[in-house]
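Asks: One file is attached below, entry-v8.txt, containing compact mmCIF, C-alpha atoms.
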```txt
# COMPACT_ATOMS: atom_id res chain seq x y z
CA MET F 29 -139.88 -114.05 -47.39
CA SER F 30 -142.63 -116.30 -48.55
CA THR F 31 -144.67 -116.37 -51.70
CA VAL F 32 -148.40 -116.19 -52.08
CA THR F 33 -149.85 -119.66 -51.69
CA PRO F 34 -153.42 -120.75 -52.46
CA ALA F 35 -153.88 -121.37 -48.74
CA ALA F 36 -152.96 -117.78 -48.00
CA ILE F 37 -155.42 -116.54 -50.62
CA VAL F 38 -158.18 -118.64 -49.04
CA PHE F 39 -157.28 -117.39 -45.57
CA PHE F 40 -157.26 -113.73 -46.54
CA GLY F 41 -160.53 -114.19 -48.41
CA LEU F 42 -162.10 -115.65 -45.28
CA CYS F 43 -160.65 -112.79 -43.23
CA ALA F 44 -162.14 -110.24 -45.61
CA LEU F 45 -165.51 -112.02 -45.38
CA VAL F 46 -165.45 -112.13 -41.57
CA VAL F 47 -164.24 -108.58 -40.98
CA GLY F 48 -166.25 -107.00 -43.79
CA CYS F 49 -169.51 -108.57 -42.69
CA ALA F 50 -168.80 -107.78 -39.04
CA GLY F 51 -168.23 -104.16 -40.04
CA GLY F 52 -171.60 -104.23 -41.74
CA VAL F 53 -173.20 -105.63 -38.57
CA ALA F 54 -171.56 -102.90 -36.51
CA LEU F 55 -172.45 -99.98 -38.76
CA SER F 56 -175.47 -100.92 -40.89
CA ARG F 57 -178.51 -98.70 -40.47
CA ASN F 58 -180.97 -101.45 -41.40
CA ILE F 59 -181.22 -104.21 -38.82
CA LEU F 60 -182.36 -106.77 -41.40
CA HIS F 61 -179.19 -106.09 -43.38
CA ALA F 62 -177.18 -106.49 -40.17
CA ALA F 63 -178.84 -109.85 -39.49
CA PHE F 64 -178.06 -111.13 -42.97
CA LEU F 65 -174.48 -109.81 -42.84
CA LEU F 66 -174.03 -111.73 -39.58
CA LEU F 67 -174.48 -114.83 -41.76
CA GLY F 68 -171.26 -113.94 -43.62
CA THR F 69 -169.34 -113.44 -40.39
CA LEU F 70 -170.50 -116.74 -38.89
CA ALA F 71 -169.90 -118.73 -42.07
CA GLY F 72 -166.47 -117.13 -42.46
CA THR F 73 -165.64 -118.07 -38.88
CA ALA F 74 -166.61 -121.65 -39.69
CA GLY F 75 -164.24 -121.44 -42.65
CA LEU F 76 -161.46 -120.24 -40.38
CA TYR F 77 -162.07 -123.26 -38.13
CA LEU F 78 -161.94 -125.61 -41.09
CA PHE F 79 -158.73 -123.93 -42.23
CA ILE F 80 -156.80 -125.11 -39.16
CA GLY F 81 -158.27 -128.60 -39.10
CA ALA F 82 -161.07 -128.06 -36.58
CA ASP F 83 -163.60 -129.58 -38.94
CA PHE F 84 -166.07 -130.86 -36.36
CA LEU F 85 -166.19 -127.39 -34.82
CA GLY F 86 -166.63 -125.78 -38.23
CA VAL F 87 -169.58 -127.97 -39.10
CA ALA F 88 -171.08 -127.46 -35.64
CA GLN F 89 -170.67 -123.71 -36.11
CA ILE F 90 -172.62 -123.83 -39.37
CA LEU F 91 -175.31 -126.11 -37.94
CA ILE F 92 -175.86 -124.27 -34.66
CA TYR F 93 -174.97 -120.66 -35.44
CA VAL F 94 -176.07 -120.30 -39.04
CA GLY F 95 -178.90 -122.82 -38.87
CA GLY F 96 -180.16 -122.03 -35.38
CA ILE F 97 -179.08 -118.81 -33.76
CA LEU F 98 -179.22 -116.70 -36.91
CA VAL F 99 -182.73 -117.89 -37.74
CA LEU F 100 -183.73 -117.13 -34.15
CA LEU F 101 -182.28 -113.63 -34.48
CA LEU F 102 -184.21 -113.12 -37.73
CA PHE F 103 -187.39 -114.22 -35.95
CA ALA F 104 -186.68 -111.68 -33.22
CA VAL F 105 -185.98 -108.91 -35.74
CA LEU F 106 -189.19 -109.55 -37.64
CA LEU F 107 -191.37 -110.16 -34.56
CA THR F 108 -190.24 -107.00 -32.77
CA SER F 109 -190.60 -104.58 -35.65
CA LYS F 110 -193.84 -102.73 -36.07
CA VAL F 111 -196.07 -103.94 -38.86
CA GLY F 112 -195.70 -101.63 -41.84
CA ASP F 113 -192.34 -100.32 -40.76
CA THR F 114 -190.46 -101.18 -43.93
CA ARG F 115 -187.26 -99.43 -42.97
CA LEU F 116 -186.56 -101.69 -39.95
CA SER F 117 -184.29 -99.02 -38.57
CA ASN F 118 -181.30 -99.80 -36.41
CA PRO F 119 -180.48 -96.56 -34.60
CA SER F 120 -177.15 -95.99 -32.93
CA ALA F 121 -175.98 -93.60 -30.25
CA GLY F 122 -172.51 -92.37 -29.42
CA LEU F 123 -170.81 -93.57 -32.58
CA GLN F 124 -168.34 -90.68 -32.25
CA PHE F 125 -167.09 -92.30 -29.01
CA GLY F 126 -167.68 -95.96 -29.82
CA VAL F 127 -165.77 -96.15 -33.09
CA PRO F 128 -162.55 -94.53 -31.75
CA LEU F 129 -162.81 -96.79 -28.70
CA GLY F 130 -163.07 -99.86 -30.91
CA VAL F 131 -160.22 -98.73 -33.17
CA LEU F 132 -158.01 -98.09 -30.13
CA LEU F 133 -158.88 -101.51 -28.69
CA ALA F 134 -158.13 -103.28 -31.98
CA ALA F 135 -154.84 -101.39 -32.38
CA GLY F 136 -153.78 -102.22 -28.83
CA LEU F 137 -154.66 -105.90 -29.21
CA VAL F 138 -152.83 -106.19 -32.54
CA TYR F 139 -149.80 -104.46 -31.03
CA LEU F 140 -149.84 -107.02 -28.20
CA VAL F 141 -150.21 -109.88 -30.69
CA PHE F 142 -147.12 -108.86 -32.62
CA THR F 143 -144.92 -107.97 -29.62
CA THR F 144 -145.63 -110.98 -27.40
CA PRO F 145 -143.24 -113.94 -27.84
CA TRP F 146 -145.80 -116.73 -28.15
CA PRO F 147 -144.50 -120.19 -27.22
CA LEU F 148 -145.25 -121.66 -30.63
CA THR F 149 -145.11 -125.36 -31.29
CA GLU F 150 -145.07 -127.09 -34.64
CA ALA F 151 -148.67 -126.97 -35.77
CA VAL F 152 -150.02 -130.37 -36.69
CA ALA F 153 -153.36 -130.28 -38.48
CA THR F 154 -155.24 -133.46 -37.66
CA PRO F 155 -158.62 -133.02 -39.31
CA MET F 156 -160.43 -135.71 -37.41
CA THR F 157 -163.56 -135.80 -35.34
CA GLY F 158 -162.07 -138.56 -33.22
CA ARG F 159 -159.96 -136.45 -30.89
CA PRO F 160 -162.69 -133.97 -29.93
CA GLY F 161 -165.08 -136.88 -29.49
CA GLU F 162 -162.72 -138.69 -27.16
CA ALA F 163 -162.13 -135.46 -25.24
CA PHE F 164 -165.87 -134.95 -24.82
CA LEU F 165 -166.56 -138.45 -23.56
CA GLY F 166 -163.35 -138.70 -21.53
CA GLU F 167 -161.69 -135.71 -19.97
CA TYR F 168 -164.61 -133.28 -20.36
CA LEU F 169 -167.49 -135.66 -19.66
CA LEU F 170 -168.77 -133.66 -16.69
CA LEU F 171 -168.77 -130.41 -18.69
CA PHE F 172 -170.50 -132.22 -21.53
CA GLU F 173 -173.30 -133.38 -19.25
CA LEU F 174 -173.53 -129.94 -17.64
CA ALA F 175 -173.93 -128.41 -21.11
CA SER F 176 -176.95 -130.62 -21.70
CA VAL F 177 -178.44 -129.48 -18.38
CA VAL F 178 -177.79 -125.86 -19.37
CA LEU F 179 -179.56 -126.41 -22.68
CA LEU F 180 -182.55 -127.96 -20.91
CA MET F 181 -182.65 -125.00 -18.50
CA ALA F 182 -182.52 -122.57 -21.43
CA LEU F 183 -185.39 -124.43 -23.12
CA VAL F 184 -187.59 -124.39 -20.02
CA GLY F 185 -186.57 -120.84 -19.16
CA ALA F 186 -187.44 -119.52 -22.60
CA MET F 187 -190.86 -121.16 -22.40
CA VAL F 188 -191.51 -119.71 -18.94
CA LEU F 189 -190.39 -116.25 -20.03
CA ALA F 190 -192.50 -116.31 -23.15
CA ARG F 191 -195.57 -117.57 -21.25
CA ARG F 192 -195.48 -115.28 -18.23
CA ALA F 193 -196.16 -112.11 -20.18
CA VAL F 194 -199.00 -113.82 -21.97
CA LYS F 195 -200.91 -114.97 -18.90
CA GLY F 196 -202.82 -111.79 -18.22
CA ARG F 197 -203.21 -110.79 -21.83
CA SER F 198 -205.34 -111.69 -24.78
CA PRO F 199 -205.52 -115.35 -25.89
CA ASP F 200 -204.37 -114.61 -29.44
CA ALA F 201 -201.16 -113.16 -28.00
CA ALA F 202 -200.80 -116.42 -26.07
CA SER F 203 -200.91 -118.48 -29.24
CA GLY F 204 -198.39 -116.12 -30.82
CA GLY F 205 -196.07 -116.52 -27.84
CA ALA F 206 -196.32 -120.29 -27.89
CA ALA F 207 -195.47 -120.36 -31.58
CA THR F 208 -192.24 -118.53 -31.00
CA MET A 18 -141.57 -114.08 -37.32
CA ASN A 19 -142.88 -115.85 -40.36
CA GLY A 20 -143.75 -114.04 -43.57
CA LEU A 21 -147.06 -112.39 -44.25
CA PHE A 22 -148.29 -115.27 -46.37
CA THR A 23 -147.39 -118.07 -43.96
CA ILE A 24 -150.57 -118.31 -41.93
CA GLY A 25 -149.74 -118.50 -38.26
CA LEU A 26 -150.98 -117.54 -34.84
CA PRO A 27 -150.64 -113.72 -35.31
CA HIS A 28 -152.95 -113.85 -38.33
CA TYR A 29 -155.69 -115.55 -36.34
CA LEU A 30 -155.22 -113.30 -33.32
CA THR A 31 -155.41 -110.20 -35.54
CA VAL A 32 -158.68 -111.30 -37.14
CA SER A 33 -160.04 -112.11 -33.71
CA ALA A 34 -158.96 -108.72 -32.30
CA VAL A 35 -160.65 -106.83 -35.14
CA LEU A 36 -163.79 -108.95 -34.77
CA PHE A 37 -163.82 -108.29 -31.02
CA ALA A 38 -163.47 -104.53 -31.55
CA LEU A 39 -166.33 -104.52 -34.07
CA GLY A 40 -168.47 -106.50 -31.64
CA LEU A 41 -167.67 -104.02 -28.88
CA ILE A 42 -168.62 -101.11 -31.16
CA THR A 43 -171.91 -102.88 -31.91
CA VAL A 44 -172.70 -103.51 -28.24
CA ALA A 45 -171.71 -99.99 -27.22
CA THR A 46 -173.47 -97.95 -29.89
CA ARG A 47 -176.58 -99.82 -31.02
CA ARG A 48 -179.91 -98.94 -29.46
CA ASN A 49 -181.93 -101.88 -30.77
CA VAL A 50 -181.73 -104.76 -28.28
CA VAL A 51 -181.58 -107.38 -31.04
CA ALA A 52 -178.63 -105.56 -32.63
CA ILE A 53 -176.87 -105.55 -29.25
CA LEU A 54 -177.38 -109.33 -29.16
CA MET A 55 -175.75 -109.57 -32.59
CA GLY A 56 -172.77 -107.70 -31.15
CA VAL A 57 -172.58 -110.22 -28.31
CA GLU A 58 -172.48 -113.01 -30.89
CA LEU A 59 -169.55 -111.25 -32.59
CA LEU A 60 -167.70 -111.03 -29.26
CA LEU A 61 -168.30 -114.73 -28.54
CA ASN A 62 -167.06 -115.68 -32.01
CA ALA A 63 -163.89 -113.64 -31.54
CA ALA A 64 -163.20 -115.42 -28.25
CA ALA A 65 -163.86 -118.82 -29.84
CA ILE A 66 -161.44 -118.09 -32.70
CA ASN A 67 -158.78 -117.29 -30.09
CA PHE A 68 -159.39 -120.57 -28.26
CA VAL A 69 -159.11 -122.63 -31.42
CA ALA A 70 -156.06 -120.76 -32.72
CA PHE A 71 -154.16 -121.07 -29.43
CA SER A 72 -154.97 -124.76 -29.11
CA HIS A 73 -153.79 -125.36 -32.68
CA PHE A 74 -150.65 -123.23 -32.77
CA VAL A 75 -149.44 -123.26 -29.14
CA HIS A 76 -150.82 -126.14 -27.17
CA GLY A 77 -151.10 -128.66 -29.97
CA ALA A 78 -154.06 -130.33 -28.32
CA VAL A 79 -157.79 -130.44 -28.80
CA ALA A 80 -158.89 -128.62 -25.62
CA GLY A 81 -159.44 -125.31 -27.40
CA GLN A 82 -161.88 -126.92 -29.81
CA VAL A 83 -163.79 -128.39 -26.89
CA PHE A 84 -164.02 -124.98 -25.25
CA ALA A 85 -165.08 -123.34 -28.50
CA LEU A 86 -167.85 -125.90 -28.83
CA PHE A 87 -169.01 -125.09 -25.30
CA ILE A 88 -169.00 -121.41 -26.32
CA VAL A 89 -171.30 -122.29 -29.21
CA VAL A 90 -173.62 -124.21 -26.88
CA LEU A 91 -173.73 -121.37 -24.36
CA ALA A 92 -174.29 -118.85 -27.16
CA ALA A 93 -177.26 -120.90 -28.32
CA SER A 94 -178.83 -120.99 -24.85
CA GLU A 95 -178.03 -117.30 -24.34
CA ALA A 96 -179.70 -116.41 -27.62
CA VAL A 97 -182.83 -118.43 -26.75
CA ILE A 98 -183.22 -116.81 -23.32
CA ALA A 99 -182.36 -113.32 -24.54
CA LEU A 100 -184.80 -113.47 -27.42
CA ALA A 101 -187.58 -114.67 -25.10
CA ILE A 102 -186.79 -111.64 -22.92
CA VAL A 103 -186.77 -109.38 -25.99
CA LEU A 104 -190.19 -110.64 -27.06
CA THR A 105 -191.55 -110.05 -23.56
CA LEU A 106 -190.00 -106.59 -23.60
CA PHE A 107 -191.63 -105.84 -26.92
CA ARG A 108 -195.03 -106.97 -25.66
CA ASN A 109 -194.80 -104.74 -22.61
CA PHE A 110 -193.18 -101.63 -24.10
CA ARG A 111 -194.05 -101.93 -27.81
CA THR A 112 -190.41 -101.07 -28.55
CA VAL A 113 -187.01 -102.76 -28.36
CA ASP A 114 -185.03 -99.54 -27.92
CA ALA A 115 -182.57 -100.15 -25.09
CA ALA A 116 -182.71 -96.51 -24.01
CA ALA A 117 -186.50 -96.34 -23.94
CA THR A 118 -186.89 -99.44 -21.77
CA ALA A 119 -184.56 -98.33 -18.98
CA THR A 120 -187.13 -98.77 -16.24
CA LEU A 121 -187.88 -101.60 -13.85
CA ARG A 122 -191.63 -101.08 -13.70
CA GLU A 123 -194.08 -101.92 -16.40
```
Can you dump the structure from the file as structure tokens?
Replies:
Amino acid sequence: MSTVTPAAIVFFGLCALVVGCAGGVALSRNILHAAFLLLGTLAGTAGLYLFIGADFLGVAQILIYVGGILVLLLFAVLLTSKVGDTRLSNPSAGLQFGVPLGVLLAAGLVYLVFTTPWPLTEAVATPMTGRPGEAFLGEYLLLFELASVVLLMALVGAMVLARRAVKGRSPDAASGGAAT
Amino acid sequence: MNGLFTIGLPHYLTVSAVLFALGLITVATRRNVVAILMGVELLLNAAAINFVAFSHFVHGAVAGQVFALFIVVLAASEAVIALAIVLTLFRNFRTVDAAATATLRE
């Protein structure tokens, strides 16, 4: 038996944040609420990374996910809702099948987690940015460069996609598309 | 197995499994395309938590963190492309309901 440690309290708090906010994302009826609750999930995930010494990853998660992707999602939510629609509804279909499916999946996965004999090693938390940095510029250099190419392709692709629809349409829509 | 309050691999895998299930529920039941994208982000996060937890508790190396960072990068590019598609979809259909846009013609 073990006693309650401050670390355990922090961990379970982060878990409650992640799972609670993810539940809100899954079941909220207002898509703006879902988008803001996603913030809690992503920040809690960053906390979970920091908890096991992956501090570079945790900071990158906050910078990219919370600072970038979430803002992009908010842009999409607000740009694709009709003007004057204050409810910003987030309809769902088939919840009576989806929720039992999800509960079954979670139960099965948790059962597997607790019945599988994982080959555990002694966990050594080395909160350093040095080791990931050396891995990126050593063993995973090719993947690192490929990731930059992928990002460039995504940039160009997003511009092409946003422009193509605009070409035959009104010029004010074109300026709106370029701004996004 | 360790006690409940000694944080180990099963704790992380359980959080990740619940997060994955919630993401799957979101992807399967939402009708708004942007909400489906949020579900995809939940799924990607669950997978990344697994990578980091396994690399910390089993492998003892840094490879899982590297893969999780690549997941973040790919999620960023996926979000950019998908949101450009969603905006195009909205311009053409005036709606982002996944059921209402199930056609290949304009």
Asks: Near segment 66-77 of chain A, counting only C-alpha atoms, which residues have an atom at most 6 Å away, once you skip same-chain residues fewer than 2 positions from it, shown as a list in words?
Replies: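 Residues near the query, excluding close chain neighbours: Leu148, Thr149 and Ala151 of chain F; Ala63, Ala64, Gly81 and Gln82 of chain A.
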Asks: Could those residues be written to a file, using C-alpha atoms, as a compact mmCIF listing (two decimals), keeping the file's coordinate frame?
Replies:
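Written file, result04.txt:
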```
# COMPACT_ATOMS: atom_id res chain seq x y z
CA LEU F 148 -145.25 -121.66 -30.63
CA THR F 149 -145.11 -125.36 -31.29
CA ALA F 151 -148.67 -126.97 -35.77
CA ALA A 63 -163.89 -113.64 -31.54
CA ALA A 64 -163.20 -115.42 -28.25
CA GLY A 81 -159.44 -125.31 -27.40
CA GLN A 82 -161.88 -126.92 -29.81
```
Asks: Using all atoms listed in the file, which residues sit within 12 Å of Thr23 of chain A once same-chain residues fewer than 5 positions away are excluded, as a ChimeraX atom specification?
Replies: /F:29-40 /A:18,28-29
Asks: Given the choices F:Gly95, F:Gly161, F:Gly122, F:Pro145, which gets closest to chain A if the distance is worked out from all atoms listed in the file?
Replies: F:Gly122
Asks: Could you tell me how far atom CA of Val50 of chain A lies from atom CA of Leu66 of chain F, in Å and to one decimal?
Replies: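 Computing it gives 15.3 Å between the two atoms.
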Asks: Counting only C-alpha atoms, which residues from chain A have an atom at most 7 Å from any atom of chain F, and could you show them as an NGL selection string?
Replies: :A and (20 or 22-24 or 27 or 30-32 or 34-36 or 38-43 or 45-49 or 51-52 or 73-75 or 77 or 79 or 82-83 or 86 or 93-94 or 96-98 or 100-102 or 104-105 or 107 or 113)
Asks: For the selection you just gave me, I'd like the residues written to a file as a PDB file, in the coordinates of the input, keeping C-alpha atoms.
Replies:
```pdb
ATOM      1  CA  GLY A  20    -143.750-114.040 -43.570  1.00  0.00           C
ATOM      2  CA  PHE A  22    -148.290-115.270 -46.370  1.00  0.00           C
ATOM      3  CA  THR A  23    -147.390-118.070 -43.960  1.00  0.00           C
ATOM      4  CA  ILE A  24    -150.570-118.310 -41.930  1.00  0.00           C
ATOM      5  CA  PRO A  27    -150.640-113.720 -35.310  1.00  0.00           C
ATOM      6  CA  LEU A  30    -155.220-113.300 -33.320  1.00  0.00           C
ATOM      7  CA  THR A  31    -155.410-110.200 -35.540  1.00  0.00           C
ATOM      8  CA  VAL A  32    -158.680-111.300 -37.140  1.00  0.00           C
ATOM      9  CA  ALA A  34    -158.960-108.720 -32.300  1.00  0.00           C
ATOM     10  CA  VAL A  35    -160.650-106.830 -35.140  1.00  0.00           C
ATOM     11  CA  LEU A  36    -163.790-108.950 -34.770  1.00  0.00           C
ATOM     12  CA  ALA A  38    -163.470-104.530 -31.550  1.00  0.00           C
ATOM     13  CA  LEU A  39    -166.330-104.520 -34.070  1.00  0.00           C
ATOM     14  CA  GLY A  40    -168.470-106.500 -31.640  1.00  0.00           C
ATOM     15  CA  LEU A  41    -167.670-104.020 -28.880  1.00  0.00           C
ATOM     16  CA  ILE A  42    -168.620-101.110 -31.160  1.00  0.00           C
ATOM     17  CA  THR A  43    -171.910-102.880 -31.910  1.00  0.00           C
ATOM     18  CA  ALA A  45    -171.710 -99.990 -27.220  1.00  0.00           C
ATOM     19  CA  THR A  46    -173.470 -97.950 -29.890  1.00  0.00           C
ATOM     20  CA  ARG A  47    -176.580 -99.820 -31.020  1.00  0.00           C
ATOM     21  CA  ARG A  48    -179.910 -98.940 -29.460  1.00  0.00           C
ATOM     22  CA  ASN A  49    -181.930-101.880 -30.770  1.00  0.00           C
ATOM     23  CA  VAL A  51    -181.580-107.380 -31.040  1.00  0.00           C
ATOM     24  CA  ALA A  52    -178.630-105.560 -32.630  1.00  0.00           C
ATOM     25  CA  HIS A  73    -153.790-125.360 -32.680  1.00  0.00           C
ATOM     26  CA  PHE A  74    -150.650-123.230 -32.770  1.00  0.00           C
ATOM     27  CA  VAL A  75    -149.440-123.260 -29.140  1.00  0.00           C
ATOM     28  CA  GLY A  77    -151.100-128.660 -29.970  1.00  0.00           C
ATOM     29  CA  VAL A  79    -157.790-130.440 -28.800  1.00  0.00           C
ATOM     30  CA  GLN A  82    -161.880-126.920 -29.810  1.00  0.00           C
ATOM     31  CA  VAL A  83    -163.790-128.390 -26.890  1.00  0.00           C
ATOM     32  CA  LEU A  86    -167.850-125.900 -28.830  1.00  0.00           C
ATOM     33  CA  ALA A  93    -177.260-120.900 -28.320  1.00  0.00           C
ATOM     34  CA  SER A  94    -178.830-120.990 -24.850  1.00  0.00           C
ATOM     35  CA  ALA A  96    -179.700-116.410 -27.620  1.00  0.00           C
ATOM     36  CA  VAL A  97    -182.830-118.430 -26.750  1.00  0.00           C
ATOM     37  CA  ILE A  98    -183.220-116.810 -23.320  1.00  0.00           C
ATOM     38  CA  LEU A 100    -184.800-113.470 -27.420  1.00  0.00           C
ATOM     39  CA  ALA A 101    -187.580-114.670 -25.100  1.00  0.00           C
ATOM     40  CA  ILE A 102    -186.790-111.640 -22.920  1.00  0.00           C
ATOM     41  CA  LEU A 104    -190.190-110.640 -27.060  1.00  0.00           C
ATOM     42  CA  THR A 105    -191.550-110.050 -23.560  1.00  0.00           C
ATOM     43  CA  PHE A 107    -191.630-105.840 -26.920  1.00  0.00           C
ATOM     44  CA  VAL A 113    -187.010-102.760 -28.360  1.00  0.00           C
TER      45      VAL A 113
END
```
Asks: Box for segment 18-34 of chain A: with edges along x, y and z, all listed atoms inside and 6 Å added on each side, what are the centre and edge lengths in Å to one decimal, as AutoDock Vina command-line options?
Replies:
```
--center_x -150.8 --center_y -113.6 --center_z -39.3 --size_x 30.5 --size_y 21.8 --size_z 26.1
```
Asks: Mind giving me the straight-line distance from atom CA of Ile88 of chain A to atom CA of Ala71 of chain F in Å, one decimal?
Replies: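 For atom CA of Ile88 of chain A relative to atom CA of Ala71 of chain F, the distance reads 16.0 Å.
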Asks: Go ahead and compute the interatomic distance for atom CA of Ala85 of chain A and atom CA of Asn62 of chain A, in Å to one decimal.
Replies: 8.7 Å
Asks: Taking only C-alpha atoms, show segment 60-89 of chain A of the given structure as a PDB file, in the first residue's frame.
Replies:
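Contents of selection-v4.pdb, freshly written:
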```pdb
ATOM      1  CA  LEU A  60      -7.536  10.768 -30.646  1.00  0.00           C
ATOM      2  CA  LEU A  61      -4.101  12.105 -31.628  1.00  0.00           C
ATOM      3  CA  ASN A  62      -3.482  13.327 -28.082  1.00  0.00           C
ATOM      4  CA  ALA A  63      -4.400   9.932 -26.649  1.00  0.00           C
ATOM      5  CA  ALA A  64      -1.928   8.242 -28.993  1.00  0.00           C
ATOM      6  CA  ALA A  65       0.793  10.752 -28.102  1.00  0.00           C
ATOM      7  CA  ILE A  66       0.276  10.170 -24.364  1.00  0.00           C
ATOM      8  CA  ASN A  67       0.759   6.443 -24.997  1.00  0.00           C
ATOM      9  CA  PHE A  68       3.999   7.048 -26.901  1.00  0.00           C
ATOM     10  CA  VAL A  69       5.449   9.230 -24.163  1.00  0.00           C
ATOM     11  CA  ALA A  70       4.330   6.925 -21.340  1.00  0.00           C
ATOM     12  CA  PHE A  71       5.764   3.804 -22.980  1.00  0.00           C
ATOM     13  CA  SER A  72       9.056   5.513 -23.754  1.00  0.00           C
ATOM     14  CA  HIS A  73       9.313   6.712 -20.154  1.00  0.00           C
ATOM     15  CA  PHE A  74       8.194   3.608 -18.269  1.00  0.00           C
ATOM     16  CA  VAL A  75       9.232   0.745 -20.577  1.00  0.00           C
ATOM     17  CA  HIS A  76      11.898   1.735 -23.022  1.00  0.00           C
ATOM     18  CA  GLY A  77      13.677   4.304 -20.904  1.00  0.00           C
ATOM     19  CA  ALA A  78      14.703   6.278 -23.967  1.00  0.00           C
ATOM     20  CA  VAL A  79      13.646   9.451 -25.684  1.00  0.00           C
ATOM     21  CA  ALA A  80      12.202   7.978 -28.900  1.00  0.00           C
ATOM     22  CA  GLY A  81       8.608   8.236 -27.701  1.00  0.00           C
ATOM     23  CA  GLN A  82       8.978  11.960 -27.109  1.00  0.00           C
ATOM     24  CA  VAL A  83      10.343  12.371 -30.617  1.00  0.00           C
ATOM     25  CA  PHE A  84       7.374  10.511 -32.061  1.00  0.00           C
ATOM     26  CA  ALA A  85       4.926  12.518 -29.955  1.00  0.00           C
ATOM     27  CA  LEU A  86       6.480  15.702 -31.287  1.00  0.00           C
ATOM     28  CA  PHE A  87       6.030  14.431 -34.844  1.00  0.00           C
ATOM     29  CA  ILE A  88       2.391  13.720 -33.943  1.00  0.00           C
ATOM     30  CA  VAL A  89       2.033  17.349 -32.870  1.00  0.00           C
TER      31      VAL A  89
END
```
